[in-house]
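Chemist: Sharing a structure with you now.
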Amino acid sequence: MRRLWLVPIGFVTLLVPVVVLAGGGEGGFDGVVSSIESRYHVRATRIPFMGLISMVSRKASHESVGNLHVAEIESLPEDVDGDELNRMVEEKLSSGWERMIRETSRKGNEQTLIFIHPEGDRMGLFVVDKEGNQMDVVQVSVDPKHLDDDIGHYRHHTNDDDNSTAKSPGAHESD
């Protein structure tokens with residue numbers, strides 16, 4: 001009976017390392033940003049009230065855009081290794097994310113990574129864009145069907161549309 005108090009202490013002793021290890025495996029947007037911060041000894045600026053901005057963008061876009069996360073990093077070293085950056089992002093994103101675009105300028109000071117992830121009817125996009133010593137990290141979820149409808153309102157007419165040969169009834173040709 002006297003040793004019964006050892007059971008809770010033993011349980012807590014075993015539980016502490018599990019909690020610490022689980023907390024250290026941060027992934028997704030926060031994991032990528034944290035990895036970049038620790039690797040390059042920089043601090044990311046996160047946009048204040050991003051949850052509110054994300055909610056407003058979702059309503060304003062008729063549910064086309066949501067779950068928006070943005071971080072801006074300044075004072076990065078100019079010589080960020082593209083392979084290392086790509087590896088870091090791939091390791092921190094959860095499974096199911098697939099790199100769609102990797103672009104690196106000839107000098108290596110401009111880099112862009114774009115990853116996609118299917119989310120049912122929606123599509124997740126994860127973008128890392130480095131230009132000079134600044135980097136933007138953005139994650140967003142979009143509904144391609146609704147987004148295409150919204151973008152359609154802003155399409156410009158081409159010359160072919162303006163030179164249409166169809167005439168309205170009652171239109172007369174002038175000589």
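Residue numbering restarts at 1 for every chain of the structure tokens, chains are lettered A, B, ... in their displayed order, and ligands are numbered from 1 as they appear.
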Determine, counting only C-alpha atoms, which protein, DNA and RNA residues have an atom within 7 Å of an atom of Arg99 (chain A); residues of the same chain fewer than 5 positions away are not included. Present the result as a ChimeraX atom specification.

Modeler: /A:114-116

Chemist: Write a file of the selected residues as an mmCIF file, in the first residue's frame, keeping all heavy atoms.

Modeler:
data_model
loop_
_atom_site.group_PDB
_atom_site.id
_atom_site.type_symbol
_atom_site.label_atom_id
_atom_site.label_comp_id
_atom_site.auth_asym_id
_atom_site.auth_seq_id
_atom_site.Cartn_x
_atom_site.Cartn_y
_atom_site.Cartn_z
ATOM 1 N N ILE A 114 6.998 26.488 -54.425
ATOM 2 C CA ILE A 114 5.543 26.424 -54.307
ATOM 3 C C ILE A 114 5.146 24.965 -54.155
ATOM 4 O O ILE A 114 5.485 24.126 -54.989
ATOM 5 C CB ILE A 114 4.833 27.045 -55.531
ATOM 6 C CG1 ILE A 114 5.243 28.517 -55.681
ATOM 7 C CG2 ILE A 114 3.320 26.906 -55.388
ATOM 8 C CD1 ILE A 114 4.653 29.201 -56.902
ATOM 9 N N PHE A 115 4.432 24.682 -53.073
ATOM 10 C CA PHE A 115 3.943 23.345 -52.773
ATOM 11 C C PHE A 115 2.420 23.361 -52.817
ATOM 12 O O PHE A 115 1.799 24.380 -52.496
ATOM 13 C CB PHE A 115 4.395 22.896 -51.377
ATOM 14 C CG PHE A 115 5.864 22.657 -51.261
ATOM 15 C CD1 PHE A 115 6.748 23.706 -51.074
ATOM 16 C CD2 PHE A 115 6.371 21.368 -51.340
ATOM 17 C CE1 PHE A 115 8.106 23.482 -50.962
ATOM 18 C CE2 PHE A 115 7.733 21.135 -51.230
ATOM 19 C CZ PHE A 115 8.599 22.199 -51.043
ATOM 20 N N ILE A 116 1.831 22.234 -53.211
ATOM 21 C CA ILE A 116 0.377 22.097 -53.223
ATOM 22 C C ILE A 116 -0.021 20.883 -52.395
ATOM 23 O O ILE A 116 0.759 19.957 -52.206
ATOM 24 C CB ILE A 116 -0.181 21.975 -54.665
ATOM 25 C CG1 ILE A 116 0.427 20.765 -55.372
ATOM 26 C CG2 ILE A 116 0.048 23.258 -55.439
ATOM 27 C CD1 ILE A 116 -0.211 20.462 -56.717
#

Chemist: Per residue of region 41-89 of chain A within 6 Å of region 128-141 of chain A, what are the shortest atom pair and its distance in Å to one decimal, counting only C-alpha atoms, with rows by chain and residue number, as JSON lines?

Modeler:
{"residue": "A:Val65", "atom": "CA", "partner": "A:Ser141", "partner_atom": "CA", "distance": 5.8}
{"residue": "A:Gly66", "atom": "CA", "partner": "A:Ser141", "partner_atom": "CA", "distance": 5.3}
{"residue": "A:Asn67", "atom": "CA", "partner": "A:Val140", "partner_atom": "CA", "distance": 5.4}
{"residue": "A:Leu68", "atom": "CA", "partner": "A:Val140", "partner_atom": "CA", "distance": 4.5}
{"residue": "A:His69", "atom": "CA", "partner": "A:Gln139", "partner_atom": "CA", "distance": 5.1}
{"residue": "A:Val70", "atom": "CA", "partner": "A:Val138", "partner_atom": "CA", "distance": 4.6}
{"residue": "A:Ala71", "atom": "CA", "partner": "A:Val137", "partner_atom": "CA", "distance": 5.2}
{"residue": "A:Glu72", "atom": "CA", "partner": "A:Asp136", "partner_atom": "CA", "distance": 4.6}
{"residue": "A:Ile73", "atom": "CA", "partner": "A:Met135", "partner_atom": "CA", "distance": 5.0}
{"residue": "A:Glu74", "atom": "CA", "partner": "A:Gln134", "partner_atom": "CA", "distance": 4.5}
{"residue": "A:Ser75", "atom": "CA", "partner": "A:Asn133", "partner_atom": "CA", "distance": 5.3}
{"residue": "A:Leu76", "atom": "CA", "partner": "A:Asn133", "partner_atom": "CA", "distance": 4.5}
{"residue": "A:Pro77", "atom": "CA", "partner": "A:Asn133", "partner_atom": "CA", "distance": 5.8}
{"residue": "A:Glu78", "atom": "CA", "partner": "A:Asn133", "partner_atom": "CA", "distance": 5.3}

Chemist: Using N, CA, C and O atoms, can you export the residues from the last selection as a PDB file, in the first residue's frame?

Modeler:
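See selection-v2.pdb below for the written result:
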ATOM      1  N   VAL A  65     -10.999  31.801 -50.609  1.00  0.00           N
ATOM      2  CA  VAL A  65      -9.679  31.890 -49.986  1.00  0.00           C
ATOM      3  C   VAL A  65      -9.843  31.868 -48.478  1.00  0.00           C
ATOM      4  O   VAL A  65     -10.686  32.556 -47.933  1.00  0.00           O
ATOM      5  N   GLY A  66      -9.035  31.057 -47.807  1.00  0.00           N
ATOM      6  CA  GLY A  66      -9.106  31.005 -46.348  1.00  0.00           C
ATOM      7  C   GLY A  66      -7.844  30.405 -45.759  1.00  0.00           C
ATOM      8  O   GLY A  66      -6.907  30.048 -46.477  1.00  0.00           O
ATOM      9  N   ASN A  67      -7.826  30.274 -44.437  1.00  0.00           N
ATOM     10  CA  ASN A  67      -6.692  29.699 -43.704  1.00  0.00           C
ATOM     11  C   ASN A  67      -5.374  30.337 -44.125  1.00  0.00           C
ATOM     12  O   ASN A  67      -4.410  29.659 -44.450  1.00  0.00           O
ATOM     13  N   LEU A  68      -5.352  31.639 -44.116  1.00  0.00           N
ATOM     14  CA  LEU A  68      -4.204  32.413 -44.573  1.00  0.00           C
ATOM     15  C   LEU A  68      -3.193  32.585 -43.444  1.00  0.00           C
ATOM     16  O   LEU A  68      -3.548  32.948 -42.332  1.00  0.00           O
ATOM     17  N   HIS A  69      -1.923  32.285 -43.742  1.00  0.00           N
ATOM     18  CA  HIS A  69      -0.809  32.483 -42.815  1.00  0.00           C
ATOM     19  C   HIS A  69       0.298  33.192 -43.581  1.00  0.00           C
ATOM     20  O   HIS A  69       0.639  32.787 -44.691  1.00  0.00           O
ATOM     21  N   VAL A  70       0.870  34.235 -42.981  1.00  0.00           N
ATOM     22  CA  VAL A  70       1.925  35.000 -43.644  1.00  0.00           C
ATOM     23  C   VAL A  70       3.024  35.320 -42.635  1.00  0.00           C
ATOM     24  O   VAL A  70       2.738  35.726 -41.509  1.00  0.00           O
ATOM     25  N   ALA A  71       4.258  35.146 -43.050  1.00  0.00           N
ATOM     26  CA  ALA A  71       5.414  35.564 -42.255  1.00  0.00           C
ATOM     27  C   ALA A  71       6.421  36.209 -43.195  1.00  0.00           C
ATOM     28  O   ALA A  71       6.644  35.730 -44.305  1.00  0.00           O
ATOM     29  N   GLU A  72       7.014  37.294 -42.725  1.00  0.00           N
ATOM     30  CA  GLU A  72       8.043  37.985 -43.498  1.00  0.00           C
ATOM     31  C   GLU A  72       9.335  37.940 -42.702  1.00  0.00           C
ATOM     32  O   GLU A  72       9.351  38.221 -41.509  1.00  0.00           O
ATOM     33  N   ILE A  73      10.407  37.584 -43.384  1.00  0.00           N
ATOM     34  CA  ILE A  73      11.707  37.468 -42.742  1.00  0.00           C
ATOM     35  C   ILE A  73      12.657  38.421 -43.448  1.00  0.00           C
ATOM     36  O   ILE A  73      12.771  38.405 -44.678  1.00  0.00           O
ATOM     37  N   GLU A  74      13.315  39.264 -42.653  1.00  0.00           N
ATOM     38  CA  GLU A  74      14.293  40.205 -43.202  1.00  0.00           C
ATOM     39  C   GLU A  74      15.668  39.856 -42.658  1.00  0.00           C
ATOM     40  O   GLU A  74      15.800  39.101 -41.705  1.00  0.00           O
ATOM     41  N   SER A  75      16.669  40.409 -43.253  1.00  0.00           N
ATOM     42  CA  SER A  75      18.063  40.249 -42.828  1.00  0.00           C
ATOM     43  C   SER A  75      18.570  38.820 -42.979  1.00  0.00           C
ATOM     44  O   SER A  75      19.394  38.360 -42.187  1.00  0.00           O
ATOM     45  N   LEU A  76      18.065  38.120 -43.974  1.00  0.00           N
ATOM     46  CA  LEU A  76      18.606  36.791 -44.283  1.00  0.00           C
ATOM     47  C   LEU A  76      19.957  36.949 -44.951  1.00  0.00           C
ATOM     48  O   LEU A  76      20.197  37.935 -45.646  1.00  0.00           O
ATOM     49  N   PRO A  77      20.838  35.966 -44.789  1.00  0.00           N
ATOM     50  CA  PRO A  77      22.083  36.018 -45.567  1.00  0.00           C
ATOM     51  C   PRO A  77      21.747  35.867 -47.052  1.00  0.00           C
ATOM     52  O   PRO A  77      20.781  35.197 -47.415  1.00  0.00           O
ATOM     53  N   GLU A  78      22.512  36.522 -47.881  1.00  0.00           N
ATOM     54  CA  GLU A  78      22.259  36.467 -49.326  1.00  0.00           C
ATOM     55  C   GLU A  78      22.441  35.062 -49.897  1.00  0.00           C
ATOM     56  O   GLU A  78      21.778  34.685 -50.840  1.00  0.00           O
TER      57      GLU A  78
END

Chemist: Quick one: residues within 8 Å of Pro118 (chain A), only C-alpha atoms counted, chain neighbours fewer than 3 positions away excluded, as a ChimeraX atom specification?

Modeler: /A:96-97,121-124

Chemist: So that I can check the surroundings of Leu93 (chain A), please list as a PDB file with all heavy atoms, in the first residue's frame every protein, DNA and RNA residue that reaches within 12 Å of it, counting only C-alpha atoms and ignoring chain neighbours fewer than 4 positions away.

Modeler:
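Output file part_19.pdb follows:
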ATOM      1  N   GLY A  25       8.382  18.434 -32.380  1.00  0.00           N
ATOM      2  CA  GLY A  25       8.154  18.024 -33.752  1.00  0.00           C
ATOM      3  C   GLY A  25       7.198  18.920 -34.484  1.00  0.00           C
ATOM      4  O   GLY A  25       6.377  18.449 -35.247  1.00  0.00           O
ATOM      5  N   GLU A  26       7.302  20.228 -34.253  1.00  0.00           N
ATOM      6  CA  GLU A  26       6.407  21.184 -34.871  1.00  0.00           C
ATOM      7  C   GLU A  26       6.522  21.099 -36.393  1.00  0.00           C
ATOM      8  O   GLU A  26       7.610  21.038 -36.942  1.00  0.00           O
ATOM      9  CB  GLU A  26       6.791  22.574 -34.363  1.00  0.00           C
ATOM     10  CG  GLU A  26       5.917  23.678 -34.854  1.00  0.00           C
ATOM     11  CD  GLU A  26       6.341  25.018 -34.267  1.00  0.00           C
ATOM     12  OE1 GLU A  26       7.551  25.240 -34.102  1.00  0.00           O
ATOM     13  OE2 GLU A  26       5.449  25.811 -33.991  1.00  0.00           O
ATOM     14  N   GLY A  27       5.400  21.098 -37.067  1.00  0.00           N
ATOM     15  CA  GLY A  27       5.412  21.001 -38.515  1.00  0.00           C
ATOM     16  C   GLY A  27       4.523  22.057 -39.132  1.00  0.00           C
ATOM     17  O   GLY A  27       4.063  22.981 -38.474  1.00  0.00           O
ATOM     18  N   GLY A  28       4.270  21.917 -40.418  1.00  0.00           N
ATOM     19  CA  GLY A  28       3.410  22.849 -41.126  1.00  0.00           C
ATOM     20  C   GLY A  28       4.024  24.237 -41.209  1.00  0.00           C
ATOM     21  O   GLY A  28       5.246  24.408 -41.190  1.00  0.00           O
ATOM     22  N   PHE A  29       3.166  25.234 -41.304  1.00  0.00           N
ATOM     23  CA  PHE A  29       3.609  26.620 -41.451  1.00  0.00           C
ATOM     24  C   PHE A  29       4.547  27.036 -40.329  1.00  0.00           C
ATOM     25  O   PHE A  29       5.646  27.539 -40.573  1.00  0.00           O
ATOM     26  CB  PHE A  29       2.393  27.551 -41.501  1.00  0.00           C
ATOM     27  CG  PHE A  29       2.746  28.994 -41.632  1.00  0.00           C
ATOM     28  CD1 PHE A  29       3.056  29.539 -42.872  1.00  0.00           C
ATOM     29  CD2 PHE A  29       2.793  29.826 -40.522  1.00  0.00           C
ATOM     30  CE1 PHE A  29       3.400  30.867 -42.998  1.00  0.00           C
ATOM     31  CE2 PHE A  29       3.135  31.154 -40.639  1.00  0.00           C
ATOM     32  CZ  PHE A  29       3.440  31.690 -41.884  1.00  0.00           C
ATOM     33  N   ASP A  30       4.114  26.826 -39.079  1.00  0.00           N
ATOM     34  CA  ASP A  30       4.931  27.234 -37.934  1.00  0.00           C
ATOM     35  C   ASP A  30       6.259  26.485 -37.898  1.00  0.00           C
ATOM     36  O   ASP A  30       7.287  27.055 -37.538  1.00  0.00           O
ATOM     37  CB  ASP A  30       4.171  27.023 -36.625  1.00  0.00           C
ATOM     38  CG  ASP A  30       3.014  27.993 -36.478  1.00  0.00           C
ATOM     39  OD1 ASP A  30       3.111  29.122 -37.007  1.00  0.00           O
ATOM     40  OD2 ASP A  30       2.010  27.624 -35.832  1.00  0.00           O
ATOM     41  N   GLY A  31       6.253  25.219 -38.272  1.00  0.00           N
ATOM     42  CA  GLY A  31       7.488  24.444 -38.295  1.00  0.00           C
ATOM     43  C   GLY A  31       8.477  24.956 -39.324  1.00  0.00           C
ATOM     44  O   GLY A  31       9.684  25.027 -39.062  1.00  0.00           O
ATOM     45  N   VAL A  32       7.978  25.303 -40.505  1.00  0.00           N
ATOM     46  CA  VAL A  32       8.862  25.834 -41.555  1.00  0.00           C
ATOM     47  C   VAL A  32       9.461  27.159 -41.106  1.00  0.00           C
ATOM     48  O   VAL A  32      10.675  27.372 -41.193  1.00  0.00           O
ATOM     49  CB  VAL A  32       8.094  26.006 -42.890  1.00  0.00           C
ATOM     50  CG1 VAL A  32       8.936  26.774 -43.907  1.00  0.00           C
ATOM     51  CG2 VAL A  32       7.685  24.657 -43.458  1.00  0.00           C
ATOM     52  N   VAL A  33       8.611  28.051 -40.593  1.00  0.00           N
ATOM     53  CA  VAL A  33       9.101  29.368 -40.164  1.00  0.00           C
ATOM     54  C   VAL A  33      10.105  29.215 -39.022  1.00  0.00           C
ATOM     55  O   VAL A  33      11.161  29.847 -39.027  1.00  0.00           O
ATOM     56  CB  VAL A  33       7.921  30.288 -39.769  1.00  0.00           C
ATOM     57  CG1 VAL A  33       8.422  31.590 -39.170  1.00  0.00           C
ATOM     58  CG2 VAL A  33       7.047  30.580 -40.991  1.00  0.00           C
ATOM     59  N   SER A  35      12.030  26.654 -38.357  1.00  0.00           N
ATOM     60  CA  SER A  35      13.267  26.078 -38.890  1.00  0.00           C
ATOM     61  C   SER A  35      14.121  27.134 -39.575  1.00  0.00           C
ATOM     62  O   SER A  35      15.344  27.166 -39.409  1.00  0.00           O
ATOM     63  CB  SER A  35      12.956  24.961 -39.885  1.00  0.00           C
ATOM     64  OG  SER A  35      12.399  23.870 -39.232  1.00  0.00           O
ATOM     65  N   ASN A  86      14.982  23.897 -49.679  1.00  0.00           N
ATOM     66  CA  ASN A  86      13.972  22.959 -50.179  1.00  0.00           C
ATOM     67  C   ASN A  86      13.815  21.772 -49.238  1.00  0.00           C
ATOM     68  O   ASN A  86      12.700  21.367 -48.903  1.00  0.00           O
ATOM     69  CB  ASN A  86      14.351  22.490 -51.585  1.00  0.00           C
ATOM     70  CG  ASN A  86      13.311  21.580 -52.186  1.00  0.00           C
ATOM     71  OD1 ASN A  86      12.155  21.943 -52.325  1.00  0.00           O
ATOM     72  ND2 ASN A  86      13.731  20.376 -52.533  1.00  0.00           N
ATOM     73  N   ARG A  87      14.926  21.218 -48.795  1.00  0.00           N
ATOM     74  CA  ARG A  87      14.903  20.071 -47.880  1.00  0.00           C
ATOM     75  C   ARG A  87      14.227  20.432 -46.556  1.00  0.00           C
ATOM     76  O   ARG A  87      13.420  19.681 -46.025  1.00  0.00           O
ATOM     77  CB  ARG A  87      16.333  19.589 -47.648  1.00  0.00           C
ATOM     78  CG  ARG A  87      16.506  18.122 -47.529  1.00  0.00           C
ATOM     79  CD  ARG A  87      17.947  17.632 -47.412  1.00  0.00           C
ATOM     80  NE  ARG A  87      19.005  18.597 -47.198  1.00  0.00           N
ATOM     81  CZ  ARG A  87      19.780  19.101 -48.148  1.00  0.00           C
ATOM     82  NH1 ARG A  87      19.611  18.747 -49.409  1.00  0.00           N
ATOM     83  NH2 ARG A  87      20.737  19.973 -47.862  1.00  0.00           N
ATOM     84  N   MET A  88      14.550  21.627 -46.038  1.00  0.00           N
ATOM     85  CA  MET A  88      13.974  22.080 -44.778  1.00  0.00           C
ATOM     86  C   MET A  88      12.453  22.195 -44.877  1.00  0.00           C
ATOM     87  O   MET A  88      11.728  21.748 -43.990  1.00  0.00           O
ATOM     88  CB  MET A  88      14.559  23.462 -44.427  1.00  0.00           C
ATOM     89  CG  MET A  88      14.953  23.594 -43.005  1.00  0.00           C
ATOM     90  SD  MET A  88      15.591  25.224 -42.514  1.00  0.00           S
ATOM     91  CE  MET A  88      16.219  25.990 -43.946  1.00  0.00           C
ATOM     92  N   VAL A  89      11.981  22.791 -45.963  1.00  0.00           N
ATOM     93  CA  VAL A  89      10.541  22.963 -46.145  1.00  0.00           C
ATOM     94  C   VAL A  89       9.865  21.606 -46.310  1.00  0.00           C
ATOM     95  O   VAL A  89       8.837  21.336 -45.682  1.00  0.00           O
ATOM     96  CB  VAL A  89      10.242  23.888 -47.350  1.00  0.00           C
ATOM     97  CG1 VAL A  89       8.756  23.938 -47.647  1.00  0.00           C
ATOM     98  CG2 VAL A  89      10.787  25.289 -47.093  1.00  0.00           C
ATOM     99  N   TRP A  97       2.002  17.023 -49.080  1.00  0.00           N
ATOM    100  CA  TRP A  97       2.401  18.231 -49.794  1.00  0.00           C
ATOM    101  C   TRP A  97       3.372  17.828 -50.895  1.00  0.00           C
ATOM    102  O   TRP A  97       4.274  17.034 -50.686  1.00  0.00           O
ATOM    103  CB  TRP A  97       3.085  19.222 -48.859  1.00  0.00           C
ATOM    104  CG  TRP A  97       2.139  19.924 -47.946  1.00  0.00           C
ATOM    105  CD1 TRP A  97       1.783  19.541 -46.698  1.00  0.00           C
ATOM    106  CD2 TRP A  97       1.432  21.131 -48.212  1.00  0.00           C
ATOM    107  NE1 TRP A  97       0.897  20.442 -46.164  1.00  0.00           N
ATOM    108  CE2 TRP A  97       0.660  21.426 -47.078  1.00  0.00           C
ATOM    109  CE3 TRP A  97       1.376  21.990 -49.299  1.00  0.00           C
ATOM    110  CZ2 TRP A  97      -0.158  22.550 -47.004  1.00  0.00           C
ATOM    111  CZ3 TRP A  97       0.563  23.109 -49.227  1.00  0.00           C
ATOM    112  CH2 TRP A  97      -0.198  23.382 -48.086  1.00  0.00           C
ATOM    113  N   GLU A  98       3.176  18.393 -52.068  1.00  0.00           N
ATOM    114  CA  GLU A  98       4.031  18.079 -53.214  1.00  0.00           C
ATOM    115  C   GLU A  98       4.566  19.367 -53.818  1.00  0.00           C
ATOM    116  O   GLU A  98       3.808  20.307 -54.063  1.00  0.00           O
ATOM    117  CB  GLU A  98       3.207  17.322 -54.260  1.00  0.00           C
ATOM    118  CG  GLU A  98       3.993  16.880 -55.448  1.00  0.00           C
ATOM    119  CD  GLU A  98       3.134  16.094 -56.426  1.00  0.00           C
ATOM    120  OE1 GLU A  98       2.181  15.417 -55.994  1.00  0.00           O
ATOM    121  OE2 GLU A  98       3.429  16.174 -57.625  1.00  0.00           O
ATOM    122  N   ARG A  99       5.873  19.397 -54.052  1.00  0.00           N
ATOM    123  CA  ARG A  99       6.452  20.592 -54.655  1.00  0.00           C
ATOM    124  C   ARG A  99       6.025  20.672 -56.110  1.00  0.00           C
ATOM    125  O   ARG A  99       6.168  19.739 -56.882  1.00  0.00           O
ATOM    126  CB  ARG A  99       7.972  20.583 -54.547  1.00  0.00           C
ATOM    127  CG  ARG A  99       8.560  21.939 -54.969  1.00  0.00           C
ATOM    128  CD  ARG A  99      10.058  21.980 -54.982  1.00  0.00           C
ATOM    129  NE  ARG A  99      10.511  21.174 -56.108  1.00  0.00           N
ATOM    130  CZ  ARG A  99      11.459  20.258 -56.026  1.00  0.00           C
ATOM    131  NH1 ARG A  99      12.064  20.011 -54.903  1.00  0.00           N
ATOM    132  NH2 ARG A  99      11.816  19.580 -57.091  1.00  0.00           N
ATOM    133  N   ILE A 114       6.998  26.488 -54.425  1.00  0.00           N
ATOM    134  CA  ILE A 114       5.543  26.424 -54.307  1.00  0.00           C
ATOM    135  C   ILE A 114       5.146  24.965 -54.155  1.00  0.00           C
ATOM    136  O   ILE A 114       5.485  24.126 -54.989  1.00  0.00           O
ATOM    137  CB  ILE A 114       4.833  27.045 -55.531  1.00  0.00           C
ATOM    138  CG1 ILE A 114       5.243  28.517 -55.681  1.00  0.00           C
ATOM    139  CG2 ILE A 114       3.320  26.906 -55.388  1.00  0.00           C
ATOM    140  CD1 ILE A 114       4.653  29.201 -56.902  1.00  0.00           C
ATOM    141  N   PHE A 115       4.432  24.682 -53.073  1.00  0.00           N
ATOM    142  CA  PHE A 115       3.943  23.345 -52.773  1.00  0.00           C
ATOM    143  C   PHE A 115       2.420  23.361 -52.817  1.00  0.00           C
ATOM    144  O   PHE A 115       1.799  24.380 -52.496  1.00  0.00           O
ATOM    145  CB  PHE A 115       4.395  22.896 -51.377  1.00  0.00           C
ATOM    146  CG  PHE A 115       5.864  22.657 -51.261  1.00  0.00           C
ATOM    147  CD1 PHE A 115       6.748  23.706 -51.074  1.00  0.00           C
ATOM    148  CD2 PHE A 115       6.371  21.368 -51.340  1.00  0.00           C
ATOM    149  CE1 PHE A 115       8.106  23.482 -50.962  1.00  0.00           C
ATOM    150  CE2 PHE A 115       7.733  21.135 -51.230  1.00  0.00           C
ATOM    151  CZ  PHE A 115       8.599  22.199 -51.043  1.00  0.00           C
ATOM    152  N   ILE A 116       1.831  22.234 -53.211  1.00  0.00           N
ATOM    153  CA  ILE A 116       0.377  22.097 -53.223  1.00  0.00           C
ATOM    154  C   ILE A 116      -0.021  20.883 -52.395  1.00  0.00           C
ATOM    155  O   ILE A 116       0.759  19.957 -52.206  1.00  0.00           O
ATOM    156  CB  ILE A 116      -0.181  21.975 -54.665  1.00  0.00           C
ATOM    157  CG1 ILE A 116       0.427  20.765 -55.372  1.00  0.00           C
ATOM    158  CG2 ILE A 116       0.048  23.258 -55.439  1.00  0.00           C
ATOM    159  CD1 ILE A 116      -0.211  20.462 -56.717  1.00  0.00           C
ATOM    160  N   HIS A 117      -1.269  20.925 -51.921  1.00  0.00           N
ATOM    161  CA  HIS A 117      -1.786  19.843 -51.086  1.00  0.00           C
ATOM    162  C   HIS A 117      -3.294  19.778 -51.284  1.00  0.00           C
ATOM    163  O   HIS A 117      -3.996  20.761 -51.035  1.00  0.00           O
ATOM    164  CB  HIS A 117      -1.464  20.144 -49.617  1.00  0.00           C
ATOM    165  CG  HIS A 117      -1.943  19.119 -48.672  1.00  0.00           C
ATOM    166  ND1 HIS A 117      -3.098  19.265 -47.950  1.00  0.00           N
ATOM    167  CD2 HIS A 117      -1.414  17.933 -48.310  1.00  0.00           C
ATOM    168  CE1 HIS A 117      -3.270  18.197 -47.176  1.00  0.00           C
ATOM    169  NE2 HIS A 117      -2.259  17.379 -47.386  1.00  0.00           N
ATOM    170  N   GLY A 124      -4.550  23.388 -50.952  1.00  0.00           N
ATOM    171  CA  GLY A 124      -3.635  24.131 -50.103  1.00  0.00           C
ATOM    172  C   GLY A 124      -2.428  24.560 -50.914  1.00  0.00           C
ATOM    173  O   GLY A 124      -1.906  23.792 -51.717  1.00  0.00           O
ATOM    174  N   LEU A 125      -1.997  25.788 -50.720  1.00  0.00           N
ATOM    175  CA  LEU A 125      -0.808  26.313 -51.380  1.00  0.00           C
ATOM    176  C   LEU A 125       0.168  26.784 -50.308  1.00  0.00           C
ATOM    177  O   LEU A 125      -0.235  27.437 -49.338  1.00  0.00           O
ATOM    178  CB  LEU A 125      -1.140  27.503 -52.280  1.00  0.00           C
ATOM    179  CG  LEU A 125      -2.028  27.236 -53.482  1.00  0.00           C
ATOM    180  CD1 LEU A 125      -2.399  28.544 -54.168  1.00  0.00           C
ATOM    181  CD2 LEU A 125      -1.336  26.319 -54.458  1.00  0.00           C
ATOM    182  N   PHE A 126       1.426  26.450 -50.475  1.00  0.00           N
ATOM    183  CA  PHE A 126       2.472  26.882 -49.557  1.00  0.00           C
ATOM    184  C   PHE A 126       3.572  27.492 -50.402  1.00  0.00           C
ATOM    185  O   PHE A 126       4.129  26.825 -51.274  1.00  0.00           O
ATOM    186  CB  PHE A 126       3.005  25.689 -48.755  1.00  0.00           C
ATOM    187  CG  PHE A 126       3.835  26.089 -47.585  1.00  0.00           C
ATOM    188  CD1 PHE A 126       3.263  26.219 -46.333  1.00  0.00           C
ATOM    189  CD2 PHE A 126       5.188  26.351 -47.730  1.00  0.00           C
ATOM    190  CE1 PHE A 126       4.021  26.588 -45.237  1.00  0.00           C
ATOM    191  CE2 PHE A 126       5.956  26.726 -46.645  1.00  0.00           C
ATOM    192  CZ  PHE A 126       5.373  26.851 -45.391  1.00  0.00           C
ATOM    193  N   VAL A 127       3.871  28.773 -50.168  1.00  0.00           N
ATOM    194  CA  VAL A 127       4.830  29.495 -51.002  1.00  0.00           C
ATOM    195  C   VAL A 127       5.947  30.052 -50.125  1.00  0.00           C
ATOM    196  O   VAL A 127       5.692  30.682 -49.098  1.00  0.00           O
ATOM    197  CB  VAL A 127       4.144  30.664 -51.753  1.00  0.00           C
ATOM    198  CG1 VAL A 127       5.149  31.422 -52.602  1.00  0.00           C
ATOM    199  CG2 VAL A 127       2.980  30.162 -52.583  1.00  0.00           C
ATOM    200  N   GLN A 139       0.981  30.552 -46.522  1.00  0.00           N
ATOM    201  CA  GLN A 139       0.163  29.347 -46.676  1.00  0.00           C
ATOM    202  C   GLN A 139      -1.284  29.798 -46.799  1.00  0.00           C
ATOM    203  O   GLN A 139      -1.743  30.668 -46.056  1.00  0.00           O
ATOM    204  CB  GLN A 139       0.310  28.404 -45.487  1.00  0.00           C
ATOM    205  CG  GLN A 139      -0.492  27.132 -45.660  1.00  0.00           C
ATOM    206  CD  GLN A 139      -0.256  26.134 -44.530  1.00  0.00           C
ATOM    207  OE1 GLN A 139       0.664  26.262 -43.736  1.00  0.00           O
ATOM    208  NE2 GLN A 139      -1.103  25.133 -44.474  1.00  0.00           N
TER     209      GLN A 139
END

Chemist: What's the separation between CA of Ser34 (chain A) and CA of Glu90 (chain A), in Å to one decimal place?

Modeler: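 Separating CA of Ser34 (chain A) from CA of Glu90 (chain A) is a distance of 13.6 Å.
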
Chemist: Name the residues of region 26-78 of chain A that fall into strand (DSSP E) according to DSSP on the backbone, using the chain letters and numbers of this document, as a list in words.

Modeler: Ala44, Thr45, Arg46, Val65, Gly66, Asn67, Leu68, His69, Val70, Ala71, Glu72 and Ile73 of chain A

Chemist: Separation of CA of Lys107 (chain A) and CA of Leu85 (chain A), in Å?

Modeler: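 Rounded to one decimal, the two atoms are 15.3 Å apart.
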
Chemist: As a PyMOL selection string, list the residues of region 35-89 of chain A assigned to helix (DSSP H, G or I) by DSSP on the backbone atoms of this structure.

Modeler: chain A and resi 35-40+50-60+82-89

Chemist: Rounded to one decimal place, report the CA of Leu113 (chain A)-CA of Arg43 (chain A) distance in Å.

Modeler: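 These two atoms are separated by 20.0 Å.
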